Amino acid sequence: MSDGKTVKEMIGTGIGYTYNDINILPRHISFGAIEDDINLTTMLTQNISIKSPIVSSPMDTVTEDTMAISMALQGGIGFIHYNCSIPEQVSMIKCVKRYENGFIMDPIVIGPKQTISEIIEISNEYGFSGFPVTLTGKIGSTLIGILTRRDIESIDSPELYTKTYVDDIMITEHLIVGLEGCTLTEANKLLRNSRKGKLPIVNKKGELISLISRKDLLTNKEYPRASKNINTKQLLCGAAVGTRLEDRDRLDQVIAAGADVIIFDSSQGDSDYQKNMIKYSKDNYPDIDIIGGNVVTVDQCKNLIDAGVNGIRVGMGVGSICTTQEVCAVGRAQATAVYKTFEYCNKLGIPIIADGGISSSGSICKALFLGASLVMCGSLLAGTNESPGDYFYRDGTRLKKYRGMGSREAITKRHGDGVRYYNNLDMDYPIVSQGVSGTVVDKGSIRDYIPYLLQSIRHSLQNIGIRSIPELHDNMLDGNIKIEIKSPSTQLEGKVHSLAGVDRNDIY
């Protein structure tokens with residue numbers, strides 16, 4: 001006797017299914033301590049693993065530097081959008097790489113003849129309160145002192161800020177430094193014992209080559225699962241790049257800025273444009289992993305994998321703000337798309353990212369079950385404190401703006417990515433938008449929200465007796481975990497119903 005059907009028996013038979021169409025049947029629970037027994041580590045690409053299966057979408061109302069930092073601290077990664085100028089995107093990437101580091105290779109350095117007014121402006125811009133001082137005001141020059149907030153506060157009157165120079169008040173004696181070649185562990189110990197905020201690292205000539213920060217020590221304790229580059233110990237950061245010839249310059253600069261992984265951002269990724277960009281990237285940056293997409297069929301996956309991608313982004317026309325299926329009648333139901341592409345990509349060792357249709361923690365669990373190594377979230381994260389934009393109130397509800405990258409508003413932005421949806425803004429043709437602009441409800445901070453989502457995933461895995469995402473995929477493929485297709489009445493039954501009112505605090 002057996003309940004339910006295997007995924008292979010139910011999906012891919014000519015009917016497209018969404019996440020809402022399926023239920024995963026429970027199995028025997030053999031463990032209880034889900035924090036200790038369930039491991040959510042997963043593969044972002046063939047060569048990069050992270051400890052959370054949740055990543056943020058490269059949308060201009062979702063991921064800029066603040067979101068990317070927060071996602072990396074929580075064990076995921078953020079992909080910074082490219083609906084901006086190249087310098088703006090580069091600046092955001094550098095901000096992420098500078099935020100939480102092992103050795104800060106490009107610290108903010110000041111010179112001895114800068115005024116305190118200038119230093120205060122720098123401090124306000126970058127959020128730092130202490131700076132190394134070198135002869136030339138640049139890294140690679142001889143370290144001559146340290147300027148701290150306490151030194152600035154020693155000035156009696158703000159009126160003196162424009163008349164006081166760095167070398168008037170900087171600390172020059174008994175400087176505690178680390179020597180080039182010391183390990184991060186050794187440097188951290190020296191910093192801890194020094195009771196200072198920052199530790200300069202110098203070479204044998206006394207020239208500043210890097211820096212470590214006490215804030216990083218505290219961050220390491222608070223976020224032990226943070227996603228970091230294994231070599232530099234900096235937070236991982238992804239960057240989105242377009243697929244046209246002119247985007248090569250952007251690709252060059254975001255990689256130079258420190259992007260760890262590139263996602264070629266296209267609504268329909270199976271194109272000569274993308275294949276040419278993949279080739280350019282692999283020819284010039286063979287050590288940088290590339291995620292291709294978006295695609296929804298096996299043939300599309302094959303074309304991108306043959307071109308050299310290290311990961312696949314799956315989804316077309318299923319996002320909450322996407323109208324591709326409505327406008328163009330092209331796309332695929334997301335549950336079916338994830339499973340069918342996984343069947344092929346898994347045999348070649350290529351992870352897939354399920355992008356779109358993620359409306360709850362339950363959607364995340366179903367996407368992972370069907371073969372996704374990770375989910376990419378847009379609307380789910382758009383209302384958080386860390387997403388770009390300001391909150392506003394409407395009818396007493398606190399909201400944030402959220403828009404599709406195929407919306408008219410995004411396409412016509414100054415650095416708009418109209419080409420992503422094959423619009424040419426320089427030609428006198430109608431703009432065909434494949435997305436809308438809207439609003440989302442305030443969800444609070446990523447710091448609270450992501451742990452809630454991850455704990456929900458752990459509960460899901462426990463309910464089906466699974467301890468890791470690879471184990472989940474193996475059992476799904478082997479037919480050990482069964483599903484049922486939900487009727488419309490079942491879909492209603494599975495949600496909150498038959499109540500006069502609901503405490504929304506119980507539903508994140």
# chains A, B, ... in the order shown; residues from 1 in each chain; ligands from 1
>>> residues_around(residues="A:Val375", least_positions_apart="6", cutoff="12 Å", atoms="only C-alpha atoms", output="ChimeraX atom specification")
/A:42-44,52-57,76-78,312-315,334,338,351-369,381,453-454,457
>>> write_last_selection(atoms="C-alpha atoms", output="short mmCIF file (atom, residue, chain, number, x, y, z; two decimals), in the first residue's frame")
data_model
loop_
_atom_site.label_atom_id
_atom_site.label_comp_id
_atom_site.auth_asym_id
_atom_site.auth_seq_id
_atom_site.Cartn_x
_atom_site.Cartn_y
_atom_site.Cartn_z
CA THR A 42 23.66 24.33 -0.38
CA MET A 43 25.44 25.02 -3.66
CA LEU A 44 25.02 28.44 -5.24
CA SER A 52 21.32 29.48 3.48
CA PRO A 53 19.19 28.54 0.44
CA ILE A 54 17.74 32.06 0.15
CA VAL A 55 19.20 34.75 -2.15
CA SER A 56 17.88 38.18 -3.06
CA SER A 57 16.86 39.18 -6.56
CA GLY A 76 22.84 33.80 1.76
CA ILE A 77 23.90 36.26 -0.90
CA GLY A 78 22.50 39.34 -2.58
CA ILE A 312 21.05 28.13 -13.82
CA ARG A 313 18.30 30.58 -12.87
CA VAL A 314 14.84 29.15 -13.50
CA GLY A 315 11.58 31.06 -13.93
CA GLN A 334 7.11 27.27 -11.87
CA VAL A 338 11.93 23.70 -11.49
CA PRO A 351 22.73 23.85 -9.32
CA ILE A 352 19.50 25.66 -10.16
CA ILE A 353 17.98 28.72 -8.53
CA ALA A 354 14.19 28.89 -8.45
CA ASP A 355 13.34 32.50 -9.28
CA GLY A 356 9.75 33.71 -8.93
CA GLY A 357 6.55 32.53 -7.35
CA ILE A 358 7.99 32.53 -3.82
CA SER A 359 5.17 33.92 -1.72
CA SER A 360 5.82 32.20 1.63
CA SER A 361 8.11 29.83 3.49
CA GLY A 362 5.96 27.01 2.13
CA SER A 363 6.83 28.04 -1.44
CA ILE A 364 10.52 27.91 -0.54
CA CYS A 365 10.14 24.37 0.83
CA LYS A 366 8.35 23.16 -2.30
CA ALA A 367 10.94 24.75 -4.60
CA LEU A 368 13.76 23.03 -2.71
CA PHE A 369 11.88 19.74 -2.74
CA LEU A 381 12.16 40.66 0.68
CA LEU A 453 12.18 31.58 7.02
CA LEU A 454 15.14 29.27 7.65
CA ILE A 457 12.42 25.26 6.18
#
>>> residues_around(residues="A:Gln455", least_positions_apart="5", cutoff="10 Å", atoms="only C-alpha atoms", output="PyMOL selection string")
chain A and resi 34-35+38+40+361+450+460-461
>>> write_last_selection(atoms="C-alpha atoms", output="CSV table (one decimal), in the first residue's frame")
chain,number,residue,atom,x,y,z
A,34,ILE,CA,16.3,20.5,14.2
A,35,GLU,CA,19.0,23.2,14.7
A,38,ILE,CA,19.3,19.8,9.8
A,40,LEU,CA,20.8,24.0,5.1
A,361,SER,CA,8.1,29.8,3.5
A,450,ILE,CA,15.5,35.4,7.3
A,460,SER,CA,9.4,21.3,6.8
A,461,LEU,CA,12.4,19.0,6.4
>>> select_by_dssp(residues="stretch 150-396 of chain A", states="alpha helix (DSSP H)", output="ChimeraX atom specification")
/A:150-153,166-169,184-194,214-222,247-257,272-284,298-307,324-328,334-347,361-369,379-382
>>> residues_around(residues="stretch 241-255 of chain A", least_positions_apart="4", cutoff="6 Å", atoms="only C-alpha atoms", output="MDAnalysis selection string")
chainID A and resid 86 90 259 264:265 273:274 277
>>> residues_around(residues="A:Gly130", least_positions_apart="2", cutoff="7 Å", atoms="only C-alpha atoms", output="list in words")
Phe128, Leu147, Thr148 and Arg149 of chain A
>>> write_last_selection(atoms="N, CA and C atoms", output="CSV table (one decimal), in the first residue's frame")
chain,number,residue,atom,x,y,z
A,128,PHE,N,32.5,55.4,9.3
A,128,PHE,CA,33.6,55.0,10.1
A,128,PHE,C,34.0,56.2,11.0
A,147,LEU,N,43.9,58.3,13.5
A,147,LEU,CA,42.9,59.3,14.0
A,147,LEU,C,41.7,58.6,14.4
A,148,THR,N,41.2,58.9,15.6
A,148,THR,CA,40.0,58.3,16.1
A,148,THR,C,39.0,59.3,16.5
A,149,ARG,N,37.8,58.9,16.7
A,149,ARG,CA,36.7,59.8,17.1
A,149,ARG,C,37.0,60.5,18.4
>>> closest_residue(among="A:Ile144, A:Cys84, A:Ile446, A:Ile93", to="A:Pro112", atoms="only C-alpha atoms")
A:Ile144
>>> residues_around(residues="A:Asn475", least_positions_apart="6", cutoff="10 Å", atoms="only C-alpha atoms", output="ChimeraX atom specification")
/A:369,466,469,481-482
>>> residues_around(residues="A:Glu484", least_positions_apart="5", cutoff="8 Å", atoms="only C-alpha atoms", output="JSON, numbers by chain")
{"A": [4, 5, 22, 23, 24, 25]}
>>> select_by_dssp(residues="stretch 75-294 of chain A", states="strand (DSSP E)", output="number ranges by chain")
A: 77-80, 131-134, 143-147, 178-179, 198-202, 208-213, 238-241, 261-264, 289-294
>>> atom_distance(atom1="atom CA of A:Asp306", atom2="atom CA of A:Asp287")
17.2 Å
